[in-house]
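Asker: Quick one: the structure is below, questions incoming.
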Amino acid sequence: MKYLLLFFFLLPIVVTTLGQSEKTNEEIVLTNKRDKTTVITNENGELLVNVSPKNVRKLKAEGVVRYSYFGATGDGKADDIDAIAATHAFANQHGLLVKADEEATYYIGGKDRTAIIQTDTDFGNAEFIIDDTDVENRNSFVFLVNSGLQSFKPEGISKLKRNQNKIDISLPGTCLVTVVNSGVKRYIRFGPNQNNGYSQTDIFIVDKEGNVDMDAPIIWDFDQITKIAALPIDEKKLTISGGRFTTIANRAESKYTYYNRGFGIKRSNVILDGLEHRITGEGDNGAPYGGFLNISECAYVTVQNTVLTGHKTYKTIGSAGVAVPMGTYDISVNRALNVSFLNCSQSNDINDNLYWGILGSNYSKNLLYDQCVFSRFDAHMGVANATIRNSTLGHQGINAIGSGTFIVENSTIRGRNLINLRSDYGSTWQGEFIIRDCVFVPLNGKQTSASLIGGSNSGQHDFGYTCYMPERITIENLHIDDSNHPEDYPGPAIFADFNSKMTTDAYVQKFPYVVTKEVVLNKVSTSSGKTLRISENAYMFRNVEVTTE
């Protein structure tokens with residue numbers, strides 16, 4: 001058996017809302033041909049990689065492979081995606097480090113080809129041009145970081161309870177478990193992008209004895225489970241470093257046809273360090289992006305020392321028949337736990353509202369910003385526990401619904417509110433807020449009447465769950481820069497007017513909204529000299545206990 005023929009391809013991809021579902025398959029075939037390395041594409045578009053035993057031995061001895069070994073030109077003109085995919089496929093087979101060639105510029109056109117990353121990769125100072133102007137498959141990642149481990153269906157689990165700490169199950173090791181009850185709908189969205197909700201879903205970590213990691217607890221009761229999957233968590237860290245990436249933006253019709261032309265990260269224990277992503281070619285129209293970094297179905301992912309870019313906002317007609325701006329992201333986090341962004345920033349102005357907020361997330365737990373300068377933090381369909389510290393957030397600020405503890409400390413927030421509870425999902429947070437050592441600049445200094453906690457809930461819409469405001473809010477050492485305010489400004493409010501119609505007990509909520517019980521204030525100052533008050537709607541918040549320490 002003289003020659004290795006590596007046969008590599010992707011099966012079709014299915015897209016749901018803002019998340020992705022993919023299948024990959026690799027088949028190794030041995031053959032006898034010639035004593036050299038070649039990369040060819042057959043009539044079915046499948047990539048065939050021939051590597052002689054001599055070259056296999058050489059590359060394994062070196063412990064590293066480069067894209068040029070498999071035919072990449074790196075001249076910024078010829079399409080190098082086949083060579084890049086072949087390099088990673090070979091490295092995955094033999095457990096080798098991948099390094100980009102020094103000073104190379106790799107052009108990646110619109111071919112439906114994904115490079116699978118399963119080993120450490122150093123992009124170094126190489127540049128990558130990703131041309132989205134003519135794409136065969138907008139759902140096809142350029143790079144997919146995935147695990148060599150396979151998911152499986154654990155047996156014997158028919159029900160689960162919220163905050164359950166142990167499951168009667170034996171696993172081969174620590175696993176990421178995803179459960180679904182299709183008989184219950186949650187997150188029934190209200191407003192211009194209204195929908196009928198999504199099947200109840202949860203994701204959590206379970207060790208081999210069945211103990212649930214209570215730092216990311218089960219958040220729903222499951223009276224039945226219609227779908228369950230367990231994915232073993234990779235114990236070894238995989239590191240991807242360097243690389244300067246530029247996307248030439250698509251010019252497609254402005255509608256909800258999301259492009260996923262970047263990194264799909266579907267493996268646990270991953271570090272992305274020192275990556276840069278910029279965007280060029282945005283015109284008068286374009287389809288939105290689902291995230292250059294699309295982190296899903298994994299845990300323990302760290303993105304650090306990284307520069308990303310906000311996408312231009314385009315409008316379309318939403319499900320309610322009215323014009324809406326389309327969410328478009330450079331970062332998406334979906335069904336992922338313990339995801340951290342450390343010392344990250346974006347290349348364009350975080351306060352320029354021509355560009356959409358940089359992050360969107362769903363079904364995730366324990367998200368962290370530390371030393372980040374971003375236009376937005378956002379949790380659409382819930383986050384359980386989040387922390388923002390030592391950071392600055394721009395024009396879209398903090399938007400979230402979810403549960404657990406939300407901590408904001410030593411940060412500057414320049415959005416409309418200090419924290420906005422998303423009204424399209426009921427402005428719900430079942431837990432507490434802790435705000436320490438922060439500066440709030442309402443609307444980035446534009447004239448406005450300031451309120452710290454924003455949102456709205458009429459009590460007339462069924463979101464698929466009881467909606468709560470944080471039970472307890474602790475605010476310590478906060479400065480509110482409200483120097484630019486209207487003439488009749490009465491001072492900043494703790495709460496916005498969440499329901500202007502609810503001013504007497506005659507108002508009946510069909511789906512009651514549970515209001516905050518306690519607010520603790522310690523060292524709150526204002527540039528206007530005005531005193532912090534409860535809300536424009538004093539009736540709605542009449543039973544909130546406000547304590548000043």
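Numbering starts fresh at 1 for the residues of each chain in the structure tokens, the chains themselves are lettered A, B, ... in the order given, and ligands are numbered from 1 as they appear.
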Within 12 Å of stretch 81-97 of chain A, which residues of stretch 204-259 of chain A show up? Give each one with its shortest atom-to-atom distance in Å (one decimal) and the two atoms involved, counting only C-alpha atoms, rows by chain then rising residue number, as a Markdown table.

Answerer:
| residue | atom | partner | partner_atom | distance |
| --- | --- | --- | --- | --- |
| A:Leu238 | CA | A:Leu97 | CA | 10.3 |
| A:Thr239 | CA | A:Leu97 | CA | 9.9 |
| A:Ile240 | CA | A:Leu97 | CA | 10.0 |
| A:Ser241 | CA | A:Leu97 | CA | 11.5 |

Asker: What would the file look like if the residues just selected were written as an mmCIF file, in the first residue's frame with all heavy atoms?

Answerer:
data_model
loop_
_atom_site.group_PDB
_atom_site.id
_atom_site.type_symbol
_atom_site.label_atom_id
_atom_site.label_comp_id
_atom_site.auth_asym_id
_atom_site.auth_seq_id
_atom_site.Cartn_x
_atom_site.Cartn_y
_atom_site.Cartn_z
ATOM 1 N N LEU A 238 -7.981 22.870 21.913
ATOM 2 C CA LEU A 238 -7.568 23.111 20.533
ATOM 3 C C LEU A 238 -7.393 24.616 20.377
ATOM 4 O O LEU A 238 -8.279 25.397 20.730
ATOM 5 C CB LEU A 238 -8.638 22.589 19.561
ATOM 6 C CG LEU A 238 -8.295 22.595 18.065
ATOM 7 C CD1 LEU A 238 -9.064 21.494 17.344
ATOM 8 C CD2 LEU A 238 -8.634 23.946 17.430
ATOM 9 N N THR A 239 -6.235 25.020 19.850
ATOM 10 C CA THR A 239 -5.909 26.440 19.749
ATOM 11 C C THR A 239 -5.812 26.867 18.290
ATOM 12 O O THR A 239 -5.128 26.223 17.487
ATOM 13 C CB THR A 239 -4.580 26.751 20.459
ATOM 14 O OG1 THR A 239 -4.694 26.386 21.841
ATOM 15 C CG2 THR A 239 -4.243 28.226 20.363
ATOM 16 N N ILE A 240 -6.482 27.952 17.964
ATOM 17 C CA ILE A 240 -6.415 28.562 16.637
ATOM 18 C C ILE A 240 -5.926 29.983 16.842
ATOM 19 O O ILE A 240 -6.523 30.744 17.609
ATOM 20 C CB ILE A 240 -7.796 28.559 15.953
ATOM 21 C CG1 ILE A 240 -8.296 27.124 15.795
ATOM 22 C CG2 ILE A 240 -7.742 29.267 14.608
ATOM 23 C CD1 ILE A 240 -9.747 27.034 15.377
ATOM 24 N N SER A 241 -4.846 30.358 16.177
ATOM 25 C CA SER A 241 -4.249 31.660 16.445
ATOM 26 C C SER A 241 -3.934 32.417 15.152
ATOM 27 O O SER A 241 -3.722 31.832 14.094
ATOM 28 C CB SER A 241 -2.965 31.499 17.264
ATOM 29 O OG SER A 241 -2.027 30.688 16.585
#

Asker: Env of stretch 279-283 of chain A: 6 Å cut, atoms = only C-alpha atoms, seq-sep filter 2 positions within chain, self excluded. Answer as a list in words.

Answerer: Thr246, Thr247, Ile248, Ala249 and Asn285 of chain A

Asker: How close does each residue of stretch 258-293 of chain A get to stretch 106-127 of chain A, giving the shortest atom pair and distance in Å to one decimal for every residue with an atom at most 12 Å away, counting only C-alpha atoms, sorted by chain and residue number, as a Markdown table?

Answerer:
| residue | atom | partner | partner_atom | distance |
| --- | --- | --- | --- | --- |
| A:Tyr259 | CA | A:Gly110 | CA | 11.6 |
| A:Asn260 | CA | A:Thr114 | CA | 11.2 |
| A:Arg261 | CA | A:Gly110 | CA | 9.3 |
| A:Gly262 | CA | A:Thr114 | CA | 9.7 |
| A:Phe263 | CA | A:Ala115 | CA | 9.6 |
| A:Gly264 | CA | A:Ile116 | CA | 9.5 |
| A:Ile265 | CA | A:Ile117 | CA | 9.3 |
| A:Lys266 | CA | A:Ile117 | CA | 10.2 |
| A:Arg267 | CA | A:Gln118 | CA | 8.7 |
| A:Ser268 | CA | A:Gln118 | CA | 11.1 |
| A:Asn269 | CA | A:Gln118 | CA | 11.6 |
| A:Val270 | CA | A:Asp120 | CA | 9.5 |
| A:Ile271 | CA | A:Asp120 | CA | 9.6 |
| A:Leu272 | CA | A:Thr121 | CA | 9.6 |
| A:Asp273 | CA | A:Asp122 | CA | 9.5 |
| A:Gly274 | CA | A:Gly124 | CA | 8.9 |
| A:Leu275 | CA | A:Phe123 | CA | 8.4 |
| A:Glu276 | CA | A:Glu127 | CA | 9.5 |
| A:His277 | CA | A:Glu127 | CA | 9.9 |
| A:Arg278 | CA | A:Glu127 | CA | 11.0 |

Asker: Can you tell me, as a list in words, what residues are no more than 7 Å from A:Lys227 when counting only C-alpha atoms, ignoring any on the same chain fewer than 2 positions away?

Answerer: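 What passes the distance filter is Val179, Val180, Asn181, Ile225 and Ala229 of chain A.
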
Asker: Taking the chain letters and numbering used in this document, name the residues of stretch 321-390 of chain A that DSSP puts in strand (DSSP E or B), as a ChimeraX atom specification.

Answerer: /A:323-325,329-342,345-346,355,359-370,373-378,381-389

Asker: Go ahead and save the picked residues with C-alpha atoms, as a CSV table (one decimal), in the first residue's frame.

Answerer:
chain,number,residue,atom,x,y,z
A,323,ALA,CA,-40.3,47.2,7.5
A,324,VAL,CA,-37.7,46.0,10.0
A,325,PRO,CA,-33.9,46.3,10.3
A,329,TYR,CA,-23.8,39.6,13.3
A,330,ASP,CA,-20.1,39.0,13.4
A,331,ILE,CA,-20.5,36.8,16.5
A,332,SER,CA,-23.3,34.3,17.1
A,333,VAL,CA,-23.5,32.0,20.2
A,334,ASN,CA,-26.2,29.4,20.0
A,335,ARG,CA,-26.7,26.4,22.4
A,336,ALA,CA,-23.3,27.0,23.9
A,337,LEU,CA,-22.0,27.1,27.5
A,338,ASN,CA,-19.1,29.0,29.2
A,339,VAL,CA,-18.1,31.2,26.2
A,340,SER,CA,-15.7,34.0,27.0
A,341,PHE,CA,-14.5,37.1,25.1
A,342,LEU,CA,-11.3,38.5,26.5
A,345,SER,CA,-12.7,44.9,20.1
A,346,GLN,CA,-14.3,45.8,16.8
A,355,TYR,CA,-23.9,49.1,11.8
A,359,LEU,CA,-23.3,39.8,19.0
A,360,GLY,CA,-26.5,37.7,19.0
A,361,SER,CA,-27.0,34.6,21.2
A,362,ASN,CA,-29.7,32.0,21.9
A,363,TYR,CA,-30.0,29.1,24.4
A,364,SER,CA,-26.7,29.8,26.0
A,365,LYS,CA,-25.3,29.9,29.6
A,366,ASN,CA,-22.4,31.7,31.3
A,367,LEU,CA,-21.4,34.3,28.7
A,368,LEU,CA,-18.5,36.6,29.6
A,369,TYR,CA,-17.1,39.9,28.2
A,370,ASP,CA,-13.9,41.0,29.9
A,373,VAL,CA,-15.0,47.2,23.3
A,374,PHE,CA,-18.1,46.1,21.4
A,375,SER,CA,-21.3,47.8,20.1
A,376,ARG,CA,-23.6,45.3,21.9
A,377,PHE,CA,-24.2,42.4,24.2
A,378,ASP,CA,-27.4,40.5,23.3
A,381,MET,CA,-33.9,33.4,23.4
A,382,GLY,CA,-32.4,33.5,26.8
A,383,VAL,CA,-29.1,33.3,28.6
A,384,ALA,CA,-28.5,31.8,32.0
A,385,ASN,CA,-25.9,33.9,33.8
A,386,ALA,CA,-23.8,36.5,32.1
A,387,THR,CA,-21.0,38.8,33.1
A,388,ILE,CA,-19.7,42.0,31.6
A,389,ARG,CA,-16.6,43.6,33.2

Asker: What does the distance from atom CA of A:Gly290 to atom CA of A:Arg251 come to in Å, to one decimal?

Answerer: 15.3 Å

Asker: Find the distance between atom CA of A:Leu418 and atom CA of A:Gly291 and write it in Å to one decimal.

Answerer: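 Distance reported for this atom pair: 24.9 Å.
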
Asker: Find the nearest atom pair between each residue of stretch 350-460 of chain A and stretch 295-311 of chain A for residues within 7 Å, count only C-alpha atoms, give distances in Å to one decimal, sort rows by chain and ascending number, and present the table as a Markdown table.

Answerer:
| residue | atom | partner | partner_atom | distance |
| --- | --- | --- | --- | --- |
| A:Tyr355 | CA | A:His311 | CA | 5.2 |
| A:Trp356 | CA | A:His311 | CA | 5.8 |
| A:Gly357 | CA | A:Gly310 | CA | 6.4 |
| A:Ile358 | CA | A:Gly310 | CA | 5.2 |

Asker: Please determine, counting only C-alpha atoms, which residue among A:Ser158, A:Asn50, A:Ser68, A:Ser423 has the shortest atom-to-atom distance to A:Tyr187.

Answerer: A:Ser423

Asker: Interatomic distance between atom CA of A:Phe541 and atom CA of A:Gln396?

Answerer: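 Taking atom CA of A:Phe541 and atom CA of A:Gln396, their separation equals 25.6 Å.
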
Asker: Need the shell around stretch 462-474 of chain A: protein/DNA/RNA residues with any atom at most 8 Å away, counting only C-alpha atoms. Skip same-chain ones fewer than 2 positions apart. Format as an MDAnalysis selection string?

Answerer: chainID A and resid 185:190 197 425:435 460 476 511:521

Asker: Neighbours of stretch 167-173 of chain A within 12 Å (only C-alpha atoms; same-chain residues fewer than 5 positions away dropped), as a PyMOL selection string?

Answerer: chain A and resi 149-162+204-213+218+229-235

Asker: Which residue gives the smallest distance to A:Gln200 among A:Met214, A:Val544, A:Ile219, A:Val439, with only C-alpha atoms counted?

Answerer: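 That would be A:Ile219, the residue with the smallest distance to A:Gln200.
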
Asker: Residues within 10 Å of A:Arg436, please, as a VMD selection string. Count only C-alpha atoms; anything in the same chain fewer than 4 positions from it doesn't count.

Answerer: chain A and resid 389 407 to 411 474 to 478 522 to 523

Asker: If you keep N, CA, C and O atoms, can you produce a file of those selected residues as a compact mmCIF listing (two decimals), in the first residue's frame?

Answerer:
# COMPACT_ATOMS: atom_id res chain seq x y z
N ARG A 389 -17.50 42.81 32.31
CA ARG A 389 -16.62 43.56 33.21
C ARG A 389 -15.47 44.19 32.43
O ARG A 389 -15.05 43.70 31.39
N ILE A 407 -24.16 40.18 35.90
CA ILE A 407 -23.22 41.08 36.57
C ILE A 407 -22.63 42.04 35.55
O ILE A 407 -22.13 41.62 34.50
N VAL A 408 -22.68 43.33 35.86
CA VAL A 408 -22.01 44.36 35.05
C VAL A 408 -21.12 45.15 35.99
O VAL A 408 -21.61 45.77 36.94
N GLU A 409 -19.81 45.12 35.76
CA GLU A 409 -18.91 45.80 36.68
C GLU A 409 -17.75 46.46 35.95
O GLU A 409 -17.26 45.97 34.94
N ASN A 410 -17.35 47.61 36.50
CA ASN A 410 -16.22 48.39 35.98
C ASN A 410 -16.33 48.59 34.47
O ASN A 410 -15.37 48.41 33.73
N SER A 411 -17.51 48.97 34.01
CA SER A 411 -17.75 49.10 32.58
C SER A 411 -18.49 50.41 32.27
O SER A 411 -19.12 51.01 33.15
N THR A 474 -29.04 45.16 42.54
CA THR A 474 -28.07 45.84 43.39
C THR A 474 -27.23 46.76 42.51
O THR A 474 -26.62 46.31 41.53
N ILE A 475 -27.21 48.07 42.86
CA ILE A 475 -26.44 49.06 42.09
C ILE A 475 -25.49 49.75 43.05
O ILE A 475 -25.92 50.41 44.01
N GLU A 476 -24.22 49.60 42.79
CA GLU A 476 -23.19 50.13 43.69
C GLU A 476 -22.16 50.94 42.92
O GLU A 476 -21.55 50.44 41.96
N ASN A 477 -21.96 52.18 43.32
CA ASN A 477 -20.97 53.07 42.71
C ASN A 477 -21.21 53.23 41.20
O ASN A 477 -20.40 52.84 40.37
N LEU A 478 -22.34 53.82 40.88
CA LEU A 478 -22.72 54.07 39.48
C LEU A 478 -22.76 55.57 39.25
O LEU A 478 -23.38 56.32 40.02
N ASN A 522 -26.27 52.13 46.31
CA ASN A 522 -25.14 52.57 47.12
C ASN A 522 -24.21 53.41 46.24
O ASN A 522 -23.65 52.92 45.27
N LYS A 523 -24.12 54.70 46.53
CA LYS A 523 -23.24 55.63 45.81
C LYS A 523 -23.63 55.74 44.33
O LYS A 523 -22.87 55.35 43.44
